[in-house]
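Enquirer: Would you mind keeping the following structure in view while I ask a few things?
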Amino acid sequence: MESFQISEQSKPAGPGKAHVLVFTSGKGGVGKTCVTTNVASAMVKRGARVCIFDADTGLANINILLGLRPEATLEHVLRGEKSIREVLIKTGEGIAVVPGASGIAECANIGGQEAKRLIAALSELEAEYDYILIDTAAGVGDSVLQFIESAPFAFLVISSEPTSLTDAFSLLKLLNAKRYGGSLKVVVNLAADYSGAIETYRRFAAVVDKYLQLKVEYGGYVARDENVPRSVTLQTPVVELVANSAASRCLFALADNMLKYIGSEQAESGLSDYWRNLFGETEVTADDNGLFAAAPLADVQKTKGEPDAVPATPAAELARKLLVAMKTHGLDQQGAEAFVGQFVAGFVEQYGAFPQNFRPLFYRWLESENYAAPRLMELVATLEALYSARYQQPLFNLEDSAARLVAQTQGVETKLAELVHQLRAAYRQSYQHDVFDAQQEILQAIQQDDFTEERFEQLLKALRDGFQTRFNRPYQGQGELLLESTAEALEAMAFEEKNLQDEINLLTQNFQQLTTRRDALLTAIKTSQNNSLLLKTGSSVKG
């Protein structure tokens with residue numbers, strides 16, 4: 001999968017705080033940290049500036065997965081021994097990592113210089129990065145809950161294992177009791193395929209809805225992939241190692257959705273805001289000397305002569321008080337949202353339903369020109385998921401959904417072709433074979449009247465090139481293979497013939513040598529016999 005830069009719509013809207021996303025799970029072993037690191041890597045490949053807060057106490061899984069060896073942690077920053085830039089580690093992929101971030105969860109009671117250093121460090125990171133991803137420890141400890149509460153967006157990683165579902169349910173039960181107000185989505189990891197992931201999500205969401213009266217949204221899934229364990233061994237994110245694997249495609253899709261639906265809006269609150277409020281509701285500002293000083297937020301939001309709290313009055317009076325506070329007493333958006341949330345929650349608890357004018361107000365809000373399109377799309381997707389969870393069936397049947405998809409292509413050939421390609425890819429991923437018989441499709445295309453010999457030659461060349469790419473050798477048909485094997489056999493016969501001829505020549509040479517030696521011996525024998533005869537004849541004469 002190719003890397004490309006994210007569009008302006010995907011980036012945080014203007015300067016300000018980074019978007020804070022927390023990844024958590026009810027138990028260990030579901031791949032939470034692996035999802036976090038790969039989503040971060042995918043975001044970086046899309047052009048986003050990403051920082052990971054390693055809040056997984058004691059295990060340092062982020063360091064292991066990314067091959068990091070930190071020499072300092074956030075604790076050194078709190079003590080004033082290091083700056084946040086000195087503690088920060090950057091990977092080869094461009095991900096920034098803050099090691100030992102779990103330590104701040106144990107510092108709720110710190111004050112003075114440590115609190116100032118922490119908030120200053122967090123503010124510095126929020127200004128430099130687009131996204132801060134928090135990897136919490138597994139389980140339901142206080143530090144885990146605290147980190148989840150600090151993030152406006154939480155992703156609960158589960159698997160199909162019963163223990164994962166029960167532990168995730170326990171975590172949601174505690175978050176529900178704490179009235180967590182952020183956006184929480186469920187990510188199904190280690191899924192066999194998309195349908196299996198949806199089934200796991202629906203079973204989990206149904207239990208949560210039944211026993212906690214809580215709606216959890218579907219956030220995506222990550223397919224089980226043999227490349228993931230290999231990437232862990234190599235300490236390289238799987239989206240970097242095998243970008244087109246099943247798990248990588250899911251992780252890229254997850255990251256793209258985050259960039260599209262979260263990154264399109266400006267962050268309203270950040271980590272520094274959460275910890276600033278936790279440290280005695282103090283606001284950190286810069287004085288004339290550039291140093292950080294703390295001031296109570298109550299002093300900022302309250303003016304002289306106004307009561308410290310909104311009195312218990314009828315709804316109209318409460319609304320009027322809220323407007324007055326917003327316009328004349330410096331009540332910021334976060335404070336106004338908190339007040340409205342408490343008021344609506346109290347109304348529902350008292351009367352069992354939202355105010356009657358809630359629906360028309362809601363529609364007017366949607367019709368406003370300032371309502372961003374990505375947020376509206378997210379709302380529609382959420383309503384569709386709620387409908388499916390409530391009635392155990394999709395909002396649109398298969399035929400309607402197909403018609404809507406075709407309509408969205410707007411008659412553009414390339415868009416329609418891409419849609420068909422994606423549907424075929426999803427079918428193949430689920431069932432390990434193509435929805436159409438490729439061979440039959442080719443034969444049918446050849447039979448068409450407009451299929452020319454030139455196109456046939458082009459098809460043959462494309463098939464040969466595809467064979468070369470797939471098997472790393474040129475294609476050879478049966479005739480070509482037979483000719484090649486025959487040529488090899490003839491070459492072998494010629495080699496054997498040469499060897500035999502060499503042996504014949506050697507034998508002939510040896511035979512000639514034997515003949516020469518035999519002739520020499522015969523000549524010697526004859527010479528010896530002649531000499532003996534002459535000796536005998538000479539002796540006879542003398543006698």
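We label chains A, B, ... in the order they appear in the structure tokens, count residues from 1 in each chain, and number ligands from 1 in the order shown.
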Fewer than 4 positions away in the same chain doesn't count, so skip those; otherwise give me all residues within 7 Å of range 241-246 of chain A, counting only C-alpha atoms, as a PDB file with all heavy atoms, in the first residue's frame.
Expert:
```pdb
ATOM      1  N   MET A   1       0.852  -1.207   0.000  1.00  0.00           N
ATOM      2  CA  MET A   1       0.000   0.000   0.000  1.00  0.00           C
ATOM      3  C   MET A   1       0.874   1.239   0.000  1.00  0.00           C
ATOM      4  O   MET A   1       1.779   1.380   0.808  1.00  0.00           O
ATOM      5  CB  MET A   1      -0.882  -0.018   1.262  1.00  0.00           C
ATOM      6  CG  MET A   1      -1.883   1.123   1.304  1.00  0.00           C
ATOM      7  SD  MET A   1      -3.013   0.975   2.711  1.00  0.00           S
ATOM      8  CE  MET A   1      -3.947  -0.456   2.248  1.00  0.00           C
ATOM      9  N   ALA A 223      -7.497  -8.188  11.195  1.00  0.00           N
ATOM     10  CA  ALA A 223      -7.532  -9.605  10.851  1.00  0.00           C
ATOM     11  C   ALA A 223      -6.345 -10.349  11.459  1.00  0.00           C
ATOM     12  O   ALA A 223      -5.255  -9.792  11.623  1.00  0.00           O
ATOM     13  CB  ALA A 223      -7.535  -9.771   9.334  1.00  0.00           C
ATOM     14  N   ASP A 225      -3.242 -12.504  11.314  1.00  0.00           N
ATOM     15  CA  ASP A 225      -2.277 -12.503  10.216  1.00  0.00           C
ATOM     16  C   ASP A 225      -0.958 -13.075  10.720  1.00  0.00           C
ATOM     17  O   ASP A 225      -0.429 -12.644  11.754  1.00  0.00           O
ATOM     18  CB  ASP A 225      -2.083 -11.059   9.717  1.00  0.00           C
ATOM     19  CG  ASP A 225      -1.274 -10.970   8.436  1.00  0.00           C
ATOM     20  OD1 ASP A 225      -0.552 -11.937   8.123  1.00  0.00           O
ATOM     21  OD2 ASP A 225      -1.357  -9.943   7.758  1.00  0.00           O
ATOM     22  N   SER A 231       6.514  -9.684  12.594  1.00  0.00           N
ATOM     23  CA  SER A 231       6.870  -8.283  12.767  1.00  0.00           C
ATOM     24  C   SER A 231       7.286  -7.996  14.205  1.00  0.00           C
ATOM     25  O   SER A 231       8.157  -7.164  14.453  1.00  0.00           O
ATOM     26  CB  SER A 231       5.690  -7.386  12.365  1.00  0.00           C
ATOM     27  OG  SER A 231       4.642  -7.456  13.315  1.00  0.00           O
ATOM     28  N   THR A 236       9.471  -4.516  14.142  1.00  0.00           N
ATOM     29  CA  THR A 236       9.071  -3.592  13.081  1.00  0.00           C
ATOM     30  C   THR A 236       7.558  -3.650  12.927  1.00  0.00           C
ATOM     31  O   THR A 236       7.003  -4.746  12.860  1.00  0.00           O
ATOM     32  CB  THR A 236       9.728  -3.967  11.738  1.00  0.00           C
ATOM     33  OG1 THR A 236      11.157  -3.969  11.907  1.00  0.00           O
ATOM     34  CG2 THR A 236       9.358  -2.981  10.646  1.00  0.00           C
ATOM     35  N   PRO A 237       6.851  -2.517  12.890  1.00  0.00           N
ATOM     36  CA  PRO A 237       5.397  -2.555  12.691  1.00  0.00           C
ATOM     37  C   PRO A 237       5.043  -3.330  11.432  1.00  0.00           C
ATOM     38  O   PRO A 237       5.721  -3.231  10.414  1.00  0.00           O
ATOM     39  CB  PRO A 237       5.019  -1.076  12.573  1.00  0.00           C
ATOM     40  CG  PRO A 237       6.097  -0.340  13.311  1.00  0.00           C
ATOM     41  CD  PRO A 237       7.345  -1.129  13.072  1.00  0.00           C
ATOM     42  N   CYS A 250      -6.254  -3.683   7.391  1.00  0.00           N
ATOM     43  CA  CYS A 250      -7.192  -3.312   8.453  1.00  0.00           C
ATOM     44  C   CYS A 250      -6.655  -2.145   9.276  1.00  0.00           C
ATOM     45  O   CYS A 250      -7.403  -1.225   9.637  1.00  0.00           O
ATOM     46  CB  CYS A 250      -7.457  -4.511   9.362  1.00  0.00           C
ATOM     47  SG  CYS A 250      -8.288  -5.895   8.573  1.00  0.00           S
TER      48      CYS A 250
END
```
Enquirer: Name the residues in contact with Arg249 in chain A at a cut-off of 12 Å, using only C-alpha atoms, excluding same-chain residues fewer than 4 positions from it; report them as a list of chain:residue names.
Expert: A:Met1, A:Glu2, A:Asn38, A:Val39, A:Ala42, A:Gly220, A:Tyr221, A:Val222, A:Ala223, A:Arg224, A:Asp225, A:Val238, A:Val239, A:Glu240, A:Val242, A:Ala243, A:Asn244, A:Ser245, A:Ala253, A:Leu254, A:Ala255, A:Asp256, A:Gln422, A:Ala425, A:Ala426, A:Gln429
Enquirer: Would you save the residues from that selection as a short mmCIF file (atom, residue, chain, number, x, y, z; two decimals), in the first residue's frame, using N, CA, C and O atoms?
Expert:
```
data_model
loop_
_atom_site.label_atom_id
_atom_site.label_comp_id
_atom_site.auth_asym_id
_atom_site.auth_seq_id
_atom_site.Cartn_x
_atom_site.Cartn_y
_atom_site.Cartn_z
N MET A 1 0.85 -1.21 0.00
CA MET A 1 0.00 0.00 0.00
C MET A 1 0.87 1.24 0.00
O MET A 1 1.78 1.38 0.81
N GLU A 2 0.61 2.10 -0.92
CA GLU A 2 1.48 3.26 -1.06
C GLU A 2 1.20 4.29 0.02
O GLU A 2 0.12 4.38 0.58
N ASN A 38 1.05 0.10 15.47
CA ASN A 38 0.80 0.03 14.03
C ASN A 38 -0.11 1.15 13.55
O ASN A 38 0.07 1.67 12.45
N VAL A 39 -1.10 1.53 14.37
CA VAL A 39 -1.94 2.67 14.02
C VAL A 39 -1.09 3.94 13.97
O VAL A 39 -1.23 4.77 13.06
N ALA A 42 0.93 3.83 10.80
CA ALA A 42 0.08 4.11 9.64
C ALA A 42 -0.25 5.59 9.55
O ALA A 42 -0.28 6.18 8.47
N GLY A 220 -13.87 -0.84 14.30
CA GLY A 220 -13.08 -1.49 13.27
C GLY A 220 -12.57 -2.85 13.73
O GLY A 220 -12.87 -3.30 14.85
N TYR A 221 -11.80 -3.50 12.87
CA TYR A 221 -11.25 -4.81 13.24
C TYR A 221 -9.87 -4.97 12.61
O TYR A 221 -9.50 -4.26 11.68
N VAL A 222 -9.11 -5.92 13.17
CA VAL A 222 -7.79 -6.27 12.64
C VAL A 222 -7.78 -7.77 12.42
O VAL A 222 -8.04 -8.54 13.35
N ALA A 223 -7.50 -8.19 11.20
CA ALA A 223 -7.53 -9.60 10.85
C ALA A 223 -6.35 -10.35 11.46
O ALA A 223 -5.25 -9.79 11.62
N ARG A 224 -6.58 -11.60 11.80
CA ARG A 224 -5.49 -12.46 12.25
C ARG A 224 -4.53 -12.67 11.08
O ARG A 224 -4.96 -13.01 9.97
N ASP A 225 -3.24 -12.50 11.31
CA ASP A 225 -2.28 -12.50 10.22
C ASP A 225 -0.96 -13.08 10.72
O ASP A 225 -0.43 -12.64 11.75
N VAL A 238 3.97 -4.10 11.49
CA VAL A 238 3.59 -4.93 10.35
C VAL A 238 3.19 -4.06 9.15
O VAL A 238 3.36 -4.48 8.00
N VAL A 239 2.69 -2.85 9.40
CA VAL A 239 2.35 -1.96 8.27
C VAL A 239 3.60 -1.49 7.55
O VAL A 239 3.52 -1.05 6.39
N GLU A 240 4.76 -1.58 8.20
CA GLU A 240 6.03 -1.27 7.54
C GLU A 240 6.62 -2.51 6.90
O GLU A 240 7.20 -2.44 5.82
N VAL A 242 5.03 -5.60 5.95
CA VAL A 242 4.23 -6.13 4.84
C VAL A 242 3.00 -5.23 4.71
O VAL A 242 1.95 -5.51 5.30
N ALA A 243 3.12 -4.17 3.94
CA ALA A 243 2.07 -3.14 3.92
C ALA A 243 0.76 -3.63 3.33
O ALA A 243 -0.29 -3.05 3.59
N ASN A 244 0.81 -4.71 2.55
CA ASN A 244 -0.41 -5.17 1.89
C ASN A 244 -0.96 -6.45 2.51
O ASN A 244 -1.82 -7.11 1.92
N SER A 245 -0.49 -6.81 3.70
CA SER A 245 -1.02 -8.01 4.35
C SER A 245 -2.42 -7.75 4.88
O SER A 245 -2.89 -6.61 4.93
N ALA A 253 -6.88 1.08 7.40
CA ALA A 253 -8.27 1.55 7.39
C ALA A 253 -8.64 2.18 8.73
O ALA A 253 -9.32 3.21 8.78
N LEU A 254 -8.18 1.57 9.83
CA LEU A 254 -8.46 2.10 11.16
C LEU A 254 -7.82 3.48 11.32
O LEU A 254 -8.45 4.43 11.81
N ALA A 255 -6.57 3.61 10.89
CA ALA A 255 -5.88 4.90 10.99
C ALA A 255 -6.53 5.95 10.11
O ALA A 255 -6.69 7.11 10.51
N ASP A 256 -6.94 5.55 8.90
CA ASP A 256 -7.59 6.50 7.99
C ASP A 256 -8.89 7.03 8.58
O ASP A 256 -9.21 8.22 8.43
N GLN A 422 -13.04 -3.35 -4.71
CA GLN A 422 -13.05 -3.49 -3.26
C GLN A 422 -13.98 -4.62 -2.82
O GLN A 422 -13.66 -5.38 -1.90
N ALA A 425 -12.23 -7.86 -3.53
CA ALA A 425 -11.14 -8.07 -2.57
C ALA A 425 -11.70 -8.54 -1.23
O ALA A 425 -11.13 -9.42 -0.58
N ALA A 426 -12.81 -7.96 -0.79
CA ALA A 426 -13.43 -8.37 0.48
C ALA A 426 -13.93 -9.81 0.39
O ALA A 426 -13.79 -10.60 1.34
N GLN A 429 -10.91 -12.13 0.56
CA GLN A 429 -10.34 -12.19 1.90
C GLN A 429 -11.18 -13.08 2.82
O GLN A 429 -10.65 -13.77 3.68
#
```
Enquirer: DSSP on the backbone, strand (DSSP E) only: what residues of range 169-254 of chain A does that give? Format it as a list in words.
Expert: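 Put together, the selection reads Ser183, Leu184, Lys185, Val186, Val187, Val188, Asn189, Leu190, Ala191, Glu217, Tyr218, Gly219, Gly220, Tyr221, Val222 and Ala223 of chain A.
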Enquirer: Please produce an output containing N, CA and C atoms for each residue in the selection, written as a PDB file, in the first residue's frame.
Expert:
```
ATOM      1  N   SER A 183     -15.720   9.660  23.634  1.00  0.00           N
ATOM      2  CA  SER A 183     -16.192   8.753  22.577  1.00  0.00           C
ATOM      3  C   SER A 183     -15.459   7.430  22.706  1.00  0.00           C
ATOM      4  N   LEU A 184     -16.217   6.343  22.880  1.00  0.00           N
ATOM      5  CA  LEU A 184     -15.617   5.028  23.091  1.00  0.00           C
ATOM      6  C   LEU A 184     -16.029   4.091  21.959  1.00  0.00           C
ATOM      7  N   LYS A 185     -15.038   3.493  21.321  1.00  0.00           N
ATOM      8  CA  LYS A 185     -15.291   2.577  20.218  1.00  0.00           C
ATOM      9  C   LYS A 185     -14.594   1.245  20.497  1.00  0.00           C
ATOM     10  N   VAL A 186     -15.173   0.173  19.966  1.00  0.00           N
ATOM     11  CA  VAL A 186     -14.648  -1.178  20.159  1.00  0.00           C
ATOM     12  C   VAL A 186     -13.904  -1.616  18.904  1.00  0.00           C
ATOM     13  N   VAL A 187     -12.674  -2.084  19.092  1.00  0.00           N
ATOM     14  CA  VAL A 187     -11.866  -2.622  17.995  1.00  0.00           C
ATOM     15  C   VAL A 187     -11.679  -4.112  18.240  1.00  0.00           C
ATOM     16  N   VAL A 188     -12.106  -4.936  17.288  1.00  0.00           N
ATOM     17  CA  VAL A 188     -11.983  -6.388  17.407  1.00  0.00           C
ATOM     18  C   VAL A 188     -10.669  -6.816  16.764  1.00  0.00           C
ATOM     19  N   ASN A 189      -9.775  -7.356  17.565  1.00  0.00           N
ATOM     20  CA  ASN A 189      -8.465  -7.789  17.069  1.00  0.00           C
ATOM     21  C   ASN A 189      -8.443  -9.309  16.903  1.00  0.00           C
ATOM     22  N   LEU A 190      -7.507  -9.772  16.106  1.00  0.00           N
ATOM     23  CA  LEU A 190      -7.296 -11.210  15.881  1.00  0.00           C
ATOM     24  C   LEU A 190      -8.549 -11.872  15.327  1.00  0.00           C
ATOM     25  N   ALA A 191      -9.259 -11.160  14.448  1.00  0.00           N
ATOM     26  CA  ALA A 191     -10.497 -11.691  13.869  1.00  0.00           C
ATOM     27  C   ALA A 191     -10.181 -12.540  12.643  1.00  0.00           C
ATOM     28  N   GLU A 217     -19.860   1.828  20.296  1.00  0.00           N
ATOM     29  CA  GLU A 217     -19.780   1.906  18.842  1.00  0.00           C
ATOM     30  C   GLU A 217     -18.723   0.946  18.304  1.00  0.00           C
ATOM     31  N   TYR A 218     -18.940   0.532  17.074  1.00  0.00           N
ATOM     32  CA  TYR A 218     -17.983  -0.324  16.389  1.00  0.00           C
ATOM     33  C   TYR A 218     -16.869   0.555  15.815  1.00  0.00           C
ATOM     34  N   GLY A 219     -15.622   0.223  16.142  1.00  0.00           N
ATOM     35  CA  GLY A 219     -14.504   1.050  15.699  1.00  0.00           C
ATOM     36  C   GLY A 219     -13.661   0.447  14.599  1.00  0.00           C
ATOM     37  N   GLY A 220     -13.867  -0.844  14.296  1.00  0.00           N
ATOM     38  CA  GLY A 220     -13.077  -1.493  13.267  1.00  0.00           C
ATOM     39  C   GLY A 220     -12.572  -2.850  13.731  1.00  0.00           C
ATOM     40  N   TYR A 221     -11.803  -3.502  12.870  1.00  0.00           N
ATOM     41  CA  TYR A 221     -11.247  -4.808  13.241  1.00  0.00           C
ATOM     42  C   TYR A 221      -9.872  -4.970  12.613  1.00  0.00           C
ATOM     43  N   VAL A 222      -9.109  -5.923  13.170  1.00  0.00           N
ATOM     44  CA  VAL A 222      -7.793  -6.270  12.635  1.00  0.00           C
ATOM     45  C   VAL A 222      -7.775  -7.771  12.416  1.00  0.00           C
ATOM     46  N   ALA A 223      -7.497  -8.188  11.195  1.00  0.00           N
ATOM     47  CA  ALA A 223      -7.532  -9.605  10.851  1.00  0.00           C
ATOM     48  C   ALA A 223      -6.345 -10.349  11.459  1.00  0.00           C
TER      49      ALA A 223
END
```
Enquirer: So that I can check the surroundings of Pro394 in chain A, please list as an mmCIF file with all heavy atoms, in the first residue's frame every protein, DNA and RNA residue that reaches within 10 Å of it, counting only C-alpha atoms and ignoring chain neighbours fewer than 6 positions away.
Expert:
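What landed in around_36.cif:
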```cif
data_model
loop_
_atom_site.group_PDB
_atom_site.id
_atom_site.type_symbol
_atom_site.label_atom_id
_atom_site.label_comp_id
_atom_site.auth_asym_id
_atom_site.auth_seq_id
_atom_site.Cartn_x
_atom_site.Cartn_y
_atom_site.Cartn_z
ATOM 1 N N GLU A 384 -26.848 4.520 12.594
ATOM 2 C CA GLU A 384 -27.036 3.254 11.878
ATOM 3 C C GLU A 384 -26.592 2.082 12.736
ATOM 4 O O GLU A 384 -27.243 1.032 12.777
ATOM 5 C CB GLU A 384 -26.253 3.288 10.565
ATOM 6 C CG GLU A 384 -26.500 2.088 9.680
ATOM 7 C CD GLU A 384 -25.864 2.239 8.309
ATOM 8 O OE1 GLU A 384 -25.415 3.357 7.992
ATOM 9 O OE2 GLU A 384 -25.847 1.249 7.556
ATOM 10 N N ALA A 385 -25.477 2.239 13.458
ATOM 11 C CA ALA A 385 -24.997 1.179 14.347
ATOM 12 C C ALA A 385 -25.978 0.959 15.497
ATOM 13 O O ALA A 385 -26.223 -0.187 15.905
ATOM 14 C CB ALA A 385 -23.610 1.534 14.886
ATOM 15 N N LEU A 386 -26.546 2.030 16.031
ATOM 16 C CA LEU A 386 -27.532 1.898 17.110
ATOM 17 C C LEU A 386 -28.771 1.150 16.622
ATOM 18 O O LEU A 386 -29.332 0.314 17.344
ATOM 19 C CB LEU A 386 -27.916 3.286 17.628
ATOM 20 C CG LEU A 386 -26.836 4.052 18.390
ATOM 21 C CD1 LEU A 386 -27.324 5.452 18.746
ATOM 22 C CD2 LEU A 386 -26.443 3.309 19.655
ATOM 23 N N TYR A 387 -29.203 1.459 15.411
ATOM 24 C CA TYR A 387 -30.353 0.760 14.844
ATOM 25 C C TYR A 387 -30.060 -0.742 14.719
ATOM 26 O O TYR A 387 -30.886 -1.586 15.094
ATOM 27 C CB TYR A 387 -30.701 1.352 13.477
ATOM 28 C CG TYR A 387 -31.900 0.697 12.811
ATOM 29 C CD1 TYR A 387 -33.177 1.222 12.977
ATOM 30 C CD2 TYR A 387 -31.749 -0.440 12.020
ATOM 31 C CE1 TYR A 387 -34.277 0.625 12.375
ATOM 32 C CE2 TYR A 387 -32.834 -1.048 11.416
ATOM 33 C CZ TYR A 387 -34.101 -0.505 11.595
ATOM 34 O OH TYR A 387 -35.179 -1.105 11.007
ATOM 35 N N SER A 388 -28.876 -1.078 14.216
ATOM 36 C CA SER A 388 -28.502 -2.479 14.038
ATOM 37 C C SER A 388 -28.427 -3.207 15.365
ATOM 38 O O SER A 388 -28.874 -4.356 15.493
ATOM 39 C CB SER A 388 -27.163 -2.581 13.298
ATOM 40 O OG SER A 388 -27.239 -1.976 12.027
ATOM 41 N N SER A 401 -28.544 -1.200 -0.018
ATOM 42 C CA SER A 401 -27.149 -0.799 0.199
ATOM 43 C C SER A 401 -26.369 -0.809 -1.099
ATOM 44 O O SER A 401 -25.577 0.107 -1.378
ATOM 45 C CB SER A 401 -26.491 -1.745 1.214
ATOM 46 O OG SER A 401 -27.143 -1.678 2.473
#
```
Enquirer: CA of Glu149 in chain A and CA of Gly270 in chain A, how far apart in Å?
Expert: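 The value is 11.0 Å.
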Enquirer: Need the shell around Leu66 in chain A: protein/DNA/RNA residues with any atom at most 10 Å away, counting only C-alpha atoms. Skip same-chain ones fewer than 3 positions apart. Format as an mmCIF file with C-alpha atoms, in the first residue's frame?
Expert:
```cif
data_model
loop_
_atom_site.group_PDB
_atom_site.id
_atom_site.type_symbol
_atom_site.label_atom_id
_atom_site.label_comp_id
_atom_site.auth_asym_id
_atom_site.auth_seq_id
_atom_site.Cartn_x
_atom_site.Cartn_y
_atom_site.Cartn_z
ATOM 1 C CA CYS A 34 0.516 -3.956 18.707
ATOM 2 C CA THR A 37 2.102 1.016 17.453
ATOM 3 C CA ASN A 38 0.799 0.030 14.028
ATOM 4 C CA ASN A 61 5.897 -3.393 25.385
ATOM 5 C CA ILE A 62 6.128 -0.297 23.198
ATOM 6 C CA ASN A 63 9.909 -0.335 23.585
ATOM 7 C CA ARG A 69 16.133 1.375 24.595
ATOM 8 C CA LYS A 90 11.893 8.916 17.744
ATOM 9 C CA THR A 91 11.756 5.702 15.725
ATOM 10 C CA GLY A 92 13.010 5.220 12.203
ATOM 11 C CA GLU A 93 9.401 5.438 11.016
ATOM 12 C CA ILE A 95 6.974 7.968 15.653
ATOM 13 C CA VAL A 97 7.576 7.856 22.083
ATOM 14 C CA SER A 231 6.870 -8.283 12.767
ATOM 15 C CA VAL A 232 7.024 -8.518 16.570
ATOM 16 C CA LEU A 234 11.736 -8.258 13.923
ATOM 17 C CA GLN A 235 10.636 -5.289 16.107
ATOM 18 C CA THR A 236 9.071 -3.592 13.081
ATOM 19 C CA PRO A 237 5.397 -2.555 12.691
#
```
Enquirer: How many Å separate CA of Leu379 in chain A from CA of Tyr131 in chain A?
Expert: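 Computing the Euclidean distance for CA of Leu379 in chain A and CA of Tyr131 in chain A yields 21.8 Å.
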Enquirer: Quick one: of A:Val228, A:Leu175, A:Leu522, A:Leu533, who's nearest to Gln146 in chain A, counting only C-alpha atoms?
Expert: A:Leu175
Enquirer: So how many Å separate CA of Gly29 in chain A and CA of Ile134 in chain A, to one decimal?
Expert: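 Interatomic distance here is 17.4 Å.
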